[in-house]
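S.K.: My structure is in protein-v8.txt, and what it holds is compact mmCIF, C-alpha atoms and all ligand atoms:
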# COMPACT_ATOMS: atom_id res chain seq x y z
CA MET Z 1 132.39 96.97 99.41
CA ALA Z 2 131.54 96.82 103.11
CA PRO Z 3 130.42 93.32 104.00
CA THR Z 4 126.79 94.20 104.73
CA TYR Z 5 125.62 91.56 102.23
CA ALA Z 6 126.70 87.94 102.07
CA PRO Z 7 128.97 87.66 99.03
CA PRO Z 8 126.59 87.15 96.08
CA SER Z 9 127.17 84.05 93.97
CA LEU Z 10 125.46 85.46 90.91
CA ALA Z 11 126.41 88.44 88.73
CA LEU Z 12 123.58 89.75 86.59
CA ALA Z 13 124.14 91.67 83.39
CA GLU Z 14 120.85 92.24 81.56
CA GLY Z 15 117.13 92.04 82.06
CA ARG Z 16 113.96 92.19 80.02
CA GLY Z 17 110.49 91.67 81.43
CA ALA Z 18 110.58 88.80 83.93
CA VAL Z 19 113.87 87.40 82.61
CA VAL Z 20 117.41 88.30 83.70
CA THR Z 21 120.67 87.11 82.19
CA ASP Z 22 123.89 86.57 84.10
CA CYS Z 23 127.39 87.47 82.99
CA ASP Z 24 127.84 84.02 81.42
CA GLY Z 25 124.65 84.37 79.38
CA ARG Z 26 122.49 82.08 81.56
CA ARG Z 27 118.84 83.10 81.76
CA TYR Z 28 116.72 83.16 84.91
CA LEU Z 29 113.05 83.76 85.54
CA ASP Z 30 113.12 86.64 88.00
CA PHE Z 31 110.37 85.99 90.52
CA ILE Z 32 111.84 88.33 93.12
CA ALA Z 33 112.26 91.30 90.75
CA GLY Z 34 114.61 93.41 92.83
CA ILE Z 35 112.58 92.42 95.92
CA GLY Z 36 109.40 93.85 94.51
CA VAL Z 37 110.94 96.82 92.72
CA LEU Z 38 110.51 95.85 89.07
CA SER Z 39 106.75 96.20 89.01
CA VAL Z 40 106.62 96.35 85.21
CA GLY Z 41 109.57 94.02 84.63
CA HIS Z 42 113.17 94.75 83.73
CA CYS Z 43 113.79 97.64 81.35
CA HIS Z 44 110.20 98.26 80.34
CA PRO Z 45 110.49 100.21 77.07
CA ARG Z 46 108.14 102.97 78.26
CA VAL Z 47 110.04 103.47 81.50
CA VAL Z 48 113.38 103.39 79.68
CA ALA Z 49 112.12 105.93 77.13
CA ALA Z 50 110.74 108.23 79.83
CA VAL Z 51 114.02 108.13 81.78
CA ARG Z 52 116.06 108.77 78.63
CA GLU Z 53 113.86 111.64 77.57
CA GLN Z 54 113.78 113.27 81.00
CA ALA Z 55 117.52 112.76 81.54
CA GLY Z 56 118.16 114.79 78.40
CA ARG Z 57 115.77 117.55 79.45
CA LEU Z 58 116.09 118.19 83.20
CA MET Z 59 117.55 115.61 85.56
CA HIS Z 60 117.47 117.38 88.88
CA VAL Z 61 116.50 120.65 90.48
CA SER Z 62 116.19 121.52 94.14
CA ASN Z 63 112.80 121.22 95.81
CA LEU Z 64 112.95 124.98 96.14
CA TYR Z 65 111.50 124.93 92.61
CA PHE Z 66 108.47 123.24 91.07
CA THR Z 67 108.77 120.80 88.19
CA GLU Z 68 105.96 119.41 86.10
CA PRO Z 69 106.80 115.69 86.59
CA GLN Z 70 106.67 116.12 90.38
CA ALA Z 71 103.32 117.91 90.32
CA ARG Z 72 101.89 115.31 87.94
CA LEU Z 73 103.12 112.42 90.09
CA ALA Z 74 101.59 113.91 93.24
CA GLU Z 75 98.32 114.40 91.39
CA LYS Z 76 98.37 110.81 90.07
CA LEU Z 77 99.10 109.24 93.47
CA VAL Z 78 96.29 111.18 95.10
CA GLU Z 79 93.93 110.27 92.26
CA LEU Z 80 94.73 106.57 92.77
CA SER Z 81 94.59 106.62 96.58
CA PHE Z 82 92.90 109.20 98.80
CA ASP Z 83 92.53 112.94 99.10
CA GLY Z 84 95.90 114.01 100.36
CA GLN Z 85 99.28 115.56 99.73
CA CYS Z 86 102.60 113.95 98.86
CA PHE Z 87 106.14 114.09 100.13
CA PHE Z 88 108.80 112.61 97.86
CA CYS Z 89 112.00 110.87 98.90
CA ASN Z 90 114.25 108.10 97.58
CA SER Z 91 113.69 104.84 99.43
CA GLY Z 92 111.34 102.84 101.57
CA ALA Z 93 113.20 103.59 104.78
CA GLU Z 94 113.12 107.29 104.05
CA ALA Z 95 109.38 107.12 103.37
CA VAL Z 96 108.71 105.27 106.65
CA GLU Z 97 111.05 107.65 108.50
CA THR Z 98 108.80 110.41 107.15
CA LEU Z 99 105.75 108.62 108.63
CA ILE Z 100 107.51 108.44 112.00
CA LYS Z 101 108.45 112.12 111.84
CA LEU Z 102 104.85 112.93 110.88
CA ALA Z 103 103.64 111.01 113.96
CA ARG Z 104 106.06 112.86 116.25
CA ARG Z 105 105.32 116.30 114.83
CA TRP Z 106 101.58 115.67 114.87
CA GLY Z 107 101.73 114.20 118.37
CA ASN Z 108 104.11 116.62 120.09
CA PRO Z 109 101.59 119.46 120.60
CA ARG Z 110 99.17 116.82 121.96
CA GLY Z 111 101.71 115.41 124.41
CA ARG Z 112 102.09 112.27 122.28
CA TYR Z 113 105.16 110.78 120.61
CA GLU Z 114 105.05 106.98 120.75
CA VAL Z 115 104.68 104.87 117.64
CA VAL Z 116 103.17 101.40 118.05
CA SER Z 117 104.42 98.95 115.42
CA MET Z 118 104.03 95.19 115.00
CA ARG Z 119 106.25 92.32 116.01
CA ASN Z 120 107.70 90.52 112.99
CA SER Z 121 107.37 93.72 110.91
CA PHE Z 122 109.97 95.27 108.64
CA HIS Z 123 110.22 99.00 108.08
CA GLY Z 124 113.79 99.71 106.97
CA ARG Z 125 117.37 100.17 108.12
CA THR Z 126 117.66 103.73 109.39
CA LEU Z 127 117.84 104.00 113.18
CA ALA Z 128 114.19 104.99 113.56
CA THR Z 129 112.84 102.50 111.02
CA LEU Z 130 114.88 99.60 112.40
CA THR Z 131 113.55 100.48 115.83
CA ALA Z 132 110.00 100.38 114.45
CA THR Z 133 110.91 97.03 112.89
CA GLY Z 134 109.68 94.44 115.38
CA GLN Z 135 112.56 91.99 114.89
CA PRO Z 136 115.51 91.84 117.30
CA LYS Z 137 117.85 90.50 114.57
CA VAL Z 138 117.53 93.79 112.67
CA GLN Z 139 118.17 95.87 115.80
CA GLN Z 140 121.06 93.86 117.15
CA GLY Z 141 124.23 95.86 117.77
CA TYR Z 142 122.63 99.27 117.31
CA ALA Z 143 121.93 100.17 120.93
CA PRO Z 144 120.88 102.58 122.21
CA LEU Z 145 117.80 102.56 120.02
CA PRO Z 146 115.77 105.77 119.83
CA PRO Z 147 113.02 105.88 122.46
CA GLY Z 148 109.30 106.17 121.76
CA PHE Z 149 108.49 102.83 120.16
CA ARG Z 150 106.16 100.11 121.44
CA TYR Z 151 105.26 96.80 119.87
CA ALA Z 152 102.07 94.79 119.45
CA GLU Z 153 101.14 91.47 117.88
CA PHE Z 154 100.23 91.57 114.19
CA ASN Z 155 96.64 90.49 113.49
CA ASP Z 156 95.79 90.83 117.19
CA ILE Z 157 93.68 93.89 117.84
CA ARG Z 158 93.62 93.29 121.61
CA SER Z 159 97.40 93.45 121.73
CA CYS Z 160 97.33 96.75 119.81
CA ARG Z 161 94.72 98.15 122.15
CA GLU Z 162 96.93 97.25 125.12
CA ALA Z 163 99.99 98.86 123.52
CA VAL Z 164 98.28 102.24 123.02
CA THR Z 165 98.87 104.70 125.87
CA GLU Z 166 98.13 108.38 126.42
CA LYS Z 167 101.56 108.96 124.85
CA THR Z 168 100.79 107.12 121.60
CA ALA Z 169 100.75 109.25 118.45
CA ALA Z 170 100.31 106.57 115.79
CA ILE Z 171 100.04 102.92 114.86
CA LEU Z 172 102.31 101.79 112.02
CA VAL Z 173 101.56 98.58 110.12
CA GLU Z 174 102.26 96.73 106.86
CA PRO Z 175 98.93 95.52 105.40
CA VAL Z 176 100.89 92.48 104.24
CA GLN Z 177 104.03 91.73 106.23
CA GLY Z 178 106.64 91.13 103.56
CA GLU Z 179 110.03 90.35 105.00
CA GLY Z 180 108.23 88.78 107.98
CA GLY Z 181 107.08 85.94 105.72
CA VAL Z 182 104.31 87.37 103.49
CA ILE Z 183 101.50 87.46 106.05
CA PRO Z 184 98.37 89.41 105.10
CA ALA Z 185 96.51 91.36 107.76
CA SER Z 186 92.97 90.14 108.36
CA VAL Z 187 90.00 92.36 107.52
CA GLU Z 188 88.96 92.42 111.18
CA PHE Z 189 92.45 93.53 112.18
CA MET Z 190 92.74 96.41 109.71
CA GLN Z 191 89.21 97.61 110.37
CA GLY Z 192 89.82 97.20 114.10
CA LEU Z 193 92.99 99.32 113.81
CA ARG Z 194 91.10 102.07 112.00
CA ARG Z 195 88.46 102.07 114.75
CA LEU Z 196 91.08 101.98 117.50
CA CYS Z 197 92.96 104.94 115.99
CA ASP Z 198 89.75 106.93 115.59
CA GLU Z 199 88.69 106.24 119.18
CA ALA Z 200 92.11 107.08 120.59
CA GLY Z 201 92.50 110.13 118.34
CA ILE Z 202 95.77 108.86 116.83
CA LEU Z 203 97.11 108.30 113.33
CA LEU Z 204 96.93 105.08 111.32
CA LEU Z 205 100.12 104.88 109.24
CA LEU Z 206 100.57 102.20 106.59
CA ASP Z 207 103.84 100.89 105.25
CA GLU Z 208 102.94 99.93 101.67
CA VAL Z 209 106.58 100.00 100.54
CA GLN Z 210 106.40 96.34 99.47
CA CYS Z 211 102.69 95.63 99.11
CA GLY Z 212 101.66 98.88 97.37
CA VAL Z 213 101.44 99.89 93.69
CA GLY Z 214 99.35 97.02 92.33
CA ARG Z 215 101.24 94.17 93.94
CA THR Z 216 98.26 92.64 95.79
CA GLY Z 217 95.67 93.07 93.03
CA LYS Z 218 94.56 96.55 94.16
CA TRP Z 219 96.47 99.77 93.59
CA PHE Z 220 97.18 99.85 97.32
CA ALA Z 221 96.72 97.00 99.78
CA TYR Z 222 94.59 99.09 102.18
CA GLN Z 223 91.91 99.12 99.44
CA HIS Z 224 91.15 95.47 100.25
CA TYR Z 225 90.00 96.49 103.70
CA GLY Z 226 87.45 99.27 103.22
CA ILE Z 227 89.52 101.72 105.26
CA ILE Z 228 91.56 104.83 104.56
CA PRO Z 229 94.84 105.45 106.39
CA ASP Z 230 96.04 108.82 107.62
CA ALA Z 231 99.24 108.38 105.65
CA MET Z 232 101.04 105.67 103.71
CA ALA Z 233 104.61 105.07 102.62
CA LEU Z 234 105.48 103.87 99.11
CA ALA Z 235 108.75 103.02 97.37
CA LYS Z 236 109.97 99.79 95.69
CA GLY Z 237 107.56 99.21 92.77
CA LEU Z 238 106.72 102.89 92.32
CA GLY Z 239 109.69 103.74 90.13
CA GLY Z 240 109.78 100.55 88.06
CA GLY Z 241 113.47 100.16 88.92
CA PHE Z 242 114.34 103.79 89.54
CA PRO Z 243 114.68 104.73 93.23
CA VAL Z 244 111.59 106.66 94.26
CA GLY Z 245 109.98 106.96 97.69
CA ALA Z 246 106.74 108.73 98.43
CA VAL Z 247 104.40 109.41 101.30
CA VAL Z 248 100.75 110.24 100.74
CA ILE Z 249 99.30 112.11 103.73
CA ARG Z 250 95.62 112.81 104.25
CA ARG Z 251 94.64 116.38 103.55
CA GLY Z 252 94.38 118.27 106.82
CA ILE Z 253 97.11 116.15 108.39
CA ALA Z 254 99.73 116.93 105.74
CA ASN Z 255 100.00 120.50 107.01
CA THR Z 256 101.53 119.06 110.18
CA PHE Z 257 104.67 119.62 108.11
CA GLN Z 258 105.56 123.21 107.39
CA PRO Z 259 108.31 124.71 105.25
CA GLY Z 260 111.64 123.70 106.75
CA SER Z 261 110.26 120.87 108.92
CA HIS Z 262 111.27 118.02 106.59
CA ALA Z 263 113.16 117.72 103.31
CA SER Z 264 115.12 115.53 100.93
CA THR Z 265 117.64 116.86 98.42
CA PHE Z 266 117.05 114.20 95.78
CA GLY Z 267 113.41 113.45 96.64
CA GLY Z 268 110.99 113.92 93.78
CA SER Z 269 113.59 114.84 91.17
CA PRO Z 270 112.17 115.27 87.67
CA LEU Z 271 114.03 112.13 86.61
CA ALA Z 272 112.61 110.01 89.45
CA CYS Z 273 109.12 111.36 88.92
CA ALA Z 274 109.27 110.72 85.17
CA ALA Z 275 110.22 107.11 85.88
CA ALA Z 276 107.35 106.75 88.38
CA LEU Z 277 104.81 108.38 86.06
CA ALA Z 278 105.82 106.05 83.22
CA THR Z 279 105.59 103.04 85.57
CA LEU Z 280 102.13 104.02 86.82
CA GLY Z 281 101.11 104.69 83.20
CA VAL Z 282 102.14 101.19 82.14
CA ILE Z 283 100.34 99.61 85.11
CA GLU Z 284 97.19 101.58 84.35
CA ASP Z 285 97.14 101.22 80.55
CA ALA Z 286 97.90 97.50 80.57
CA GLY Z 287 95.42 96.78 83.39
CA LEU Z 288 98.21 95.27 85.48
CA VAL Z 289 96.46 95.70 88.82
CA ASP Z 290 93.69 93.29 87.76
CA HIS Z 291 96.26 91.14 85.96
CA ALA Z 292 98.25 90.86 89.21
CA GLY Z 293 95.09 89.75 91.00
CA ARG Z 294 94.23 87.16 88.34
CA LEU Z 295 97.77 85.81 87.86
CA GLY Z 296 98.24 85.85 91.61
CA ASP Z 297 95.20 83.60 91.95
CA ARG Z 298 96.57 81.33 89.23
CA LEU Z 299 100.05 81.13 90.78
CA ARG Z 300 98.53 80.56 94.18
CA GLY Z 301 96.29 77.78 92.84
CA LEU Z 302 99.25 76.03 91.21
CA LEU Z 303 101.38 76.39 94.36
CA GLU Z 304 98.53 75.07 96.50
CA SER Z 305 98.23 72.05 94.29
CA LEU Z 306 101.99 71.48 94.78
CA ALA Z 307 101.45 71.86 98.53
CA GLY Z 308 98.84 69.10 98.31
CA ARG Z 309 101.25 66.82 96.46
CA TYR Z 310 104.25 67.50 98.74
CA PRO Z 311 102.68 67.67 102.20
CA GLU Z 312 105.89 66.50 103.89
CA LEU Z 313 107.72 69.58 102.52
CA VAL Z 314 105.11 72.33 102.20
CA GLN Z 315 103.14 73.71 105.11
CA GLU Z 316 101.00 76.31 103.31
CA VAL Z 317 100.83 78.96 100.60
CA ARG Z 318 100.34 82.51 101.87
CA GLY Z 319 99.92 86.02 100.52
CA ARG Z 320 97.85 88.15 98.22
CA GLY Z 321 97.99 88.89 94.47
CA LEU Z 322 101.55 88.56 93.20
CA MET Z 323 103.00 88.74 96.70
CA LEU Z 324 103.12 85.07 97.66
CA ALA Z 325 105.11 82.68 99.81
CA VAL Z 326 105.40 78.94 99.95
CA VAL Z 327 105.85 78.17 103.62
CA LEU Z 328 107.98 75.08 104.07
CA LYS Z 329 108.39 72.57 106.86
CA ARG Z 330 112.16 73.06 106.63
CA PRO Z 331 114.65 75.91 106.10
CA ALA Z 332 114.01 77.63 102.78
CA LYS Z 333 117.57 78.71 101.93
CA PRO Z 334 118.70 75.39 100.35
CA LEU Z 335 115.59 75.38 98.14
CA GLU Z 336 116.24 78.97 97.10
CA GLN Z 337 119.71 77.91 96.00
CA LEU Z 338 118.49 74.88 94.08
CA LEU Z 339 115.76 76.92 92.38
CA ARG Z 340 118.40 79.39 91.27
CA GLU Z 341 120.53 76.59 89.82
CA LYS Z 342 117.48 75.53 87.81
CA GLY Z 343 116.82 79.07 86.57
CA LEU Z 344 114.29 80.57 88.99
CA LEU Z 345 115.12 83.50 91.27
CA CYS Z 346 113.14 83.90 94.48
CA LEU Z 347 114.07 84.65 98.09
CA ALA Z 348 114.07 82.68 101.31
CA THR Z 349 112.59 84.78 104.08
CA ALA Z 350 111.48 84.35 107.69
CA GLU Z 351 113.54 81.17 107.84
CA ASN Z 352 111.13 78.76 106.19
CA ALA Z 353 109.31 80.75 103.50
CA LEU Z 354 110.09 81.08 99.80
CA ARG Z 355 108.93 84.51 98.70
CA PHE Z 356 107.75 85.29 95.18
CA LEU Z 357 107.35 88.87 93.94
CA PRO Z 358 107.35 88.56 90.13
CA PRO Z 359 106.79 91.61 87.92
CA LEU Z 360 103.10 92.53 87.69
CA ASN Z 361 103.22 91.90 83.93
CA VAL Z 362 104.52 88.33 84.25
CA SER Z 363 102.82 86.00 81.76
CA VAL Z 364 100.79 82.84 82.36
CA ALA Z 365 103.51 80.84 80.56
CA GLU Z 366 106.18 82.27 82.88
CA VAL Z 367 104.10 81.48 85.96
CA GLU Z 368 103.62 77.91 84.75
CA GLN Z 369 107.31 77.54 83.98
CA ALA Z 370 108.21 78.80 87.48
CA VAL Z 371 105.86 76.27 89.06
CA ARG Z 372 107.40 73.46 86.99
CA ILE Z 373 110.84 74.42 88.33
CA ILE Z 374 109.52 74.52 91.90
CA GLU Z 375 108.00 71.08 91.40
CA GLN Z 376 111.34 69.71 90.12
CA VAL Z 377 113.08 71.02 93.22
CA LEU Z 378 110.46 69.63 95.59
CA ALA Z 379 110.71 66.27 93.79
CA GLU Z 380 114.50 66.27 94.26
CA PHE Z 381 114.15 67.05 97.94
CA ARG Z 382 111.61 64.25 98.27
CA ALA Z 383 113.86 61.80 96.42
CA GLU Z 384 116.71 62.65 98.78
CA GLY Z 385 114.43 62.21 101.77
CA LYS Z 386 114.93 65.84 102.81
CA GLY Z 387 111.50 66.25 104.35
CA SER Z 388 110.60 68.27 107.36
CA VAL Z 389 113.64 69.25 109.44
CA PRO Z 390 113.98 71.81 112.21
CA SER Z 391 114.82 75.29 110.94
CA ASN Z 392 118.37 76.28 111.72
CA SER Z 393 119.45 78.57 108.91
CA ARG Z 394 118.19 82.08 108.51
CA GLY Z 395 117.93 83.92 105.22
CA GLU Z 396 120.50 86.65 104.89
CA ASN Z 397 120.11 90.03 103.27
CA GLU Z 398 116.34 89.91 103.47
CA GLN Z 399 114.42 93.12 103.10
C1 LIG F 401 107.60 96.97 104.13
C2 LIG F 401 108.93 97.63 103.94
N1 LIG F 401 109.16 98.83 104.45
C3 LIG F 401 110.34 99.46 104.28
C4 LIG F 401 111.37 98.87 103.57
C5 LIG F 401 112.67 99.59 103.39
O1 LIG F 401 112.80 100.00 102.09
P1 LIG F 401 114.24 100.42 101.50
O2 LIG F 401 115.08 99.20 101.47
O3 LIG F 401 113.92 100.98 100.14
O4 LIG F 401 114.77 101.46 102.41
C6 LIG F 401 111.16 97.62 103.02
C7 LIG F 401 112.26 96.95 102.30
O5 LIG F 401 112.24 95.80 102.04
C8 LIG F 401 109.93 96.97 103.20
O6 LIG F 401 109.69 95.75 102.70
Give the structure from the file, written as C-alpha cells.
M.R.:
Amino acid sequence: MAPTYAPPSLALAEGRGAVVTDCDGRRYLDFIAGIGVLSVGHCHPRVVAAVREQAGRLMHVSNLYFTEPQARLAEKLVELSFDGQCFFCNSGAEAVETLIKLARRWGNPRGRYEVVSMRNSFHGRTLATLTATGQPKVQQGYAPLPPGFRYAEFNDIRSCREAVTEKTAAILVEPVQGEGGVIPASVEFMQGLRRLCDEAGILLLLDEVQCGVGRTGKWFAYQHYGIIPDAMALAKGLGGGFPVGAVVIRRGIANTFQPGSHASTFGGSPLACAAALATLGVIEDAGLVDHAGRLGDRLRGLLESLAGRYPELVQEVRGRGLMLAVVLKRPAKPLEQLLREKGLLCLATAENALRFLPPLNVSVAEVEQAVRIIEQVLAEFRAEGKGSVPSNSRGENEQ
C-alpha cells in the first residue's frame, strides 16, 4: 500500500456495537467508530440484514435508471432536513466537491465563483476540497492549488464579512469543526452567516459530513441554530459503515444542476441506499438522536469532572452531543496510544485534543467504562509528572 497512512500498529478483525476485537482477540471500546462512520455501531443487525438482502436483489444500476431505495432515501433525507433535492455520491470529499461545483455553477451566470471557507476547517482530500480546507498542512506539496478560494476566521462574522467580495458565490462551513479540534460554531456566528449570505445574495453551504446524522443530538447540526442552509453535504455516519455520500440542496437551487452537469457512477447505488435507509431507520426507531444528546451530556459531564481533577493536564472539554474532545495542555498522541493499550480507541487531533465519536447507540455502562480508562491514563501521566508540555507532535492520518 502507498504510504499515505502511518503504519498502523493495530489490526482489527471483528466488531459489534461499540466494541471491536483485534486479530489476537483483544477487545477495545471503539470511541472513534471509523472516525464517526459507525453511527449505529459495528455490524448493526438491521444494517447487515438490509445489505445482505439488497445485495442478493440488485446491487448496482447506473443512475440512468431509477431504483426504489434511492428514491426512498432522497425522500427520507428531505423529510428529516429541509425542502430540497438530493445528489448521491460515495464519500465526504465527493459531497463537498459537489457543494463547490454547485457554488461555481450557481455563481458563474452572476459573475461569481469564489468560495469562502474557514481557517482550521477540514473538507476532504480532493484538490478542490483540500483547497477549501483552511489548513496549510493538508495543502502542502499540491501546488498549484485551484483558484477561487478565500479564507475567514471561524466564529468571527466580521472576518467572513471582510472575505466576501463581488466575486463570492458561497460560504462553506462546518457547524462543528471536527478535524480542527471539535469546535462548535456559536449561535451568533451561524445566524450571522445566514444573514450575511442573504444580504450578499450568496449561498450558505454546510459541511455536515462529520457532525450530521444525529451526532450532535439533532438530526443535523444546523438544527441547533434556527437556520436553514442552501445545501449541505453528508457522508460518514449516513451509511452506518457502508460508503455513502449525499448532498441535500434547497429546492429552487437544486436545478442549478441539469442533466449532464454532474454525476457519479457509484453514487446512490441500491446497495448504498439500502444501507443508509436501514441506518436512518435504526436511528429513528431507537430514538438515537435524543440518546446521543443525553449520553453526550453525560459523557461531557464525566469528562468535565475529570478536567476539574486533572487541571495540570486538561485544558477544557469541547463539542456537542457525542462529538466531544478533551483538550489537553500537552500533545495528545501519547495519551491516545496509552488509551489504546488500555482498551479504548479514540483519536488525537489538532495536536492537543483527544477526539471521541462513539456510536450513537453507545450505552451508559460503556461511556462510564471509557471514562474510567481515561482517568487511569491521566493518573499515570500525573504519577510520571508528565504535566503540561509544549506541543511538538502532530496527529497523523487525521480526517
Ligand atoms: C467535515 C468533513 N468534511 C469532509 C470530510 C472528507 O470525507 P471523506 O474522507 O469521506 O472524503 C471529512 C472527513 O473526515 C470531514 O470530517
S.K.: With a distance cut-off of 12 Å and all atoms listed in the file, select the neighbouring residues of region 304-311 of chain Z, excluding the residue or stretch itself and same-chain residues fewer than 5 positions from it, and output the selection as a PyMOL selection string.
M.R.: chain Z and resi 296-299+316-319+324-330+371-383+385-388
S.K.: Take the selection from the previous step and output its residues with C-alpha atoms, as a PDB file, in the coordinates of the input.
M.R.:
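result_16.pdb, written as the output of this step:
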ATOM      1  CA  GLY Z 296      98.240  85.850  91.610  1.00  0.00           C
ATOM      2  CA  ASP Z 297      95.200  83.600  91.950  1.00  0.00           C
ATOM      3  CA  ARG Z 298      96.570  81.330  89.230  1.00  0.00           C
ATOM      4  CA  LEU Z 299     100.050  81.130  90.780  1.00  0.00           C
ATOM      5  CA  GLU Z 316     101.000  76.310 103.310  1.00  0.00           C
ATOM      6  CA  VAL Z 317     100.830  78.960 100.600  1.00  0.00           C
ATOM      7  CA  ARG Z 318     100.340  82.510 101.870  1.00  0.00           C
ATOM      8  CA  GLY Z 319      99.920  86.020 100.520  1.00  0.00           C
ATOM      9  CA  LEU Z 324     103.120  85.070  97.660  1.00  0.00           C
ATOM     10  CA  ALA Z 325     105.110  82.680  99.810  1.00  0.00           C
ATOM     11  CA  VAL Z 326     105.400  78.940  99.950  1.00  0.00           C
ATOM     12  CA  VAL Z 327     105.850  78.170 103.620  1.00  0.00           C
ATOM     13  CA  LEU Z 328     107.980  75.080 104.070  1.00  0.00           C
ATOM     14  CA  LYS Z 329     108.390  72.570 106.860  1.00  0.00           C
ATOM     15  CA  ARG Z 330     112.160  73.060 106.630  1.00  0.00           C
ATOM     16  CA  VAL Z 371     105.860  76.270  89.060  1.00  0.00           C
ATOM     17  CA  ARG Z 372     107.400  73.460  86.990  1.00  0.00           C
ATOM     18  CA  ILE Z 373     110.840  74.420  88.330  1.00  0.00           C
ATOM     19  CA  ILE Z 374     109.520  74.520  91.900  1.00  0.00           C
ATOM     20  CA  GLU Z 375     108.000  71.080  91.400  1.00  0.00           C
ATOM     21  CA  GLN Z 376     111.340  69.710  90.120  1.00  0.00           C
ATOM     22  CA  VAL Z 377     113.080  71.020  93.220  1.00  0.00           C
ATOM     23  CA  LEU Z 378     110.460  69.630  95.590  1.00  0.00           C
ATOM     24  CA  ALA Z 379     110.710  66.270  93.790  1.00  0.00           C
ATOM     25  CA  GLU Z 380     114.500  66.270  94.260  1.00  0.00           C
ATOM     26  CA  PHE Z 381     114.150  67.050  97.940  1.00  0.00           C
ATOM     27  CA  ARG Z 382     111.610  64.250  98.270  1.00  0.00           C
ATOM     28  CA  ALA Z 383     113.860  61.800  96.420  1.00  0.00           C
ATOM     29  CA  GLY Z 385     114.430  62.210 101.770  1.00  0.00           C
ATOM     30  CA  LYS Z 386     114.930  65.840 102.810  1.00  0.00           C
ATOM     31  CA  GLY Z 387     111.500  66.250 104.350  1.00  0.00           C
ATOM     32  CA  SER Z 388     110.600  68.270 107.360  1.00  0.00           C
TER      33      SER Z 388
END
S.K.: Determine, counting all atoms listed in the file, which protein, DNA and RNA residues have an atom within 6 Å of an atom of region 277-285 of chain Z; residues of the same chain fewer than 3 positions away are not included. Present the result as a PDB file with C-alpha atoms, in the coordinates of the input.
M.R.:
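Okay, selection00.pdb is ready:
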ATOM      1  CA  VAL Z  47     110.040 103.470  81.500  1.00  0.00           C
ATOM      2  CA  LEU Z  73     103.120 112.420  90.090  1.00  0.00           C
ATOM      3  CA  GLY Z 240     109.780 100.550  88.060  1.00  0.00           C
ATOM      4  CA  CYS Z 273     109.120 111.360  88.920  1.00  0.00           C
ATOM      5  CA  ALA Z 274     109.270 110.720  85.170  1.00  0.00           C
ATOM      6  CA  LEU Z 288      98.210  95.270  85.480  1.00  0.00           C
TER       7      LEU Z 288
END
S.K.: I'd like to know which of Z:Leu38, Z:Val244, Z:Leu196, Z:Met59 is closest to ligand LIG 401 (chain F), using only C-alpha atoms and all ligand atoms.
M.R.: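 Smallest separation from ligand LIG 401 (chain F) among the options: Z:Val244.
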S.K.: What is the distance between CA of Lys342 (chain Z) and CA of Val367 (chain Z), in Å to one decimal?
M.R.: 14.8 Å
S.K.: Would you please work out which residue, of Z:Ser117, Z:Ser9, Z:Thr165, Z:Gln177, is nearest to ligand LIG 401 (chain F) when using all atoms listed in the file?
M.R.: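 The closest residue to ligand LIG 401 (chain F) is Z:Gln177.
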S.K.: Considering only C-alpha atoms, can you say which of Z:Ala71, Z:Met190, Z:Ala332, Z:Ala286 comes closest to Gly268 (chain Z)?
M.R.: Z:Ala71
S.K.: With distances taken over only C-alpha atoms and all ligand atoms, which of Z:Gly92, Z:Gly180, Z:Pro334, Z:Gly301 is nearest to ligand LIG 401 (chain F)?
M.R.: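 Nearest candidate to ligand LIG 401 (chain F) out of Z:Gly92, Z:Gly180, Z:Pro334, Z:Gly301: Z:Gly92.
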S.K.: Quick check, in Å to one decimal: how far apart do CA of Arg104 (chain Z) and CA of Ala169 (chain Z) lie?
M.R.: 6.8 Å
S.K.: Need the shell around Ala254 (chain Z): protein/DNA/RNA residues with any atom at most 8 Å away, counting all atoms listed in the file. Skip same-chain ones fewer than 4 positions apart. Format as a ChimeraX atom specification?
M.R.: /Z:84-85,249-250
S.K.: Would you list the residues that come within 8 Å of ligand LIG 401 (chain F)? Count only C-alpha atoms and all ligand atoms and give the answer as a PyMOL selection string.
M.R.: chain Z and resi 35+90-96+121-126+129+174+177-179+207-211+233+235-236+243+245+398-399
S.K.: Report, in Å with one decimal, the straight-line distance from CA of Ser39 (chain Z) to CA of Phe66 (chain Z).
M.R.: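 Between CA of Ser39 (chain Z) and CA of Phe66 (chain Z) the gap is 27.2 Å.
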S.K.: Would you list the contacts of Gly56 (chain Z) as a ChimeraX atom specification, taking every protein, DNA or RNA residue within 12 Å and counting all atoms listed in the file, but skipping same-chain residues closer than 4 positions in sequence?
M.R.: /Z:49-52,60,270-271,274
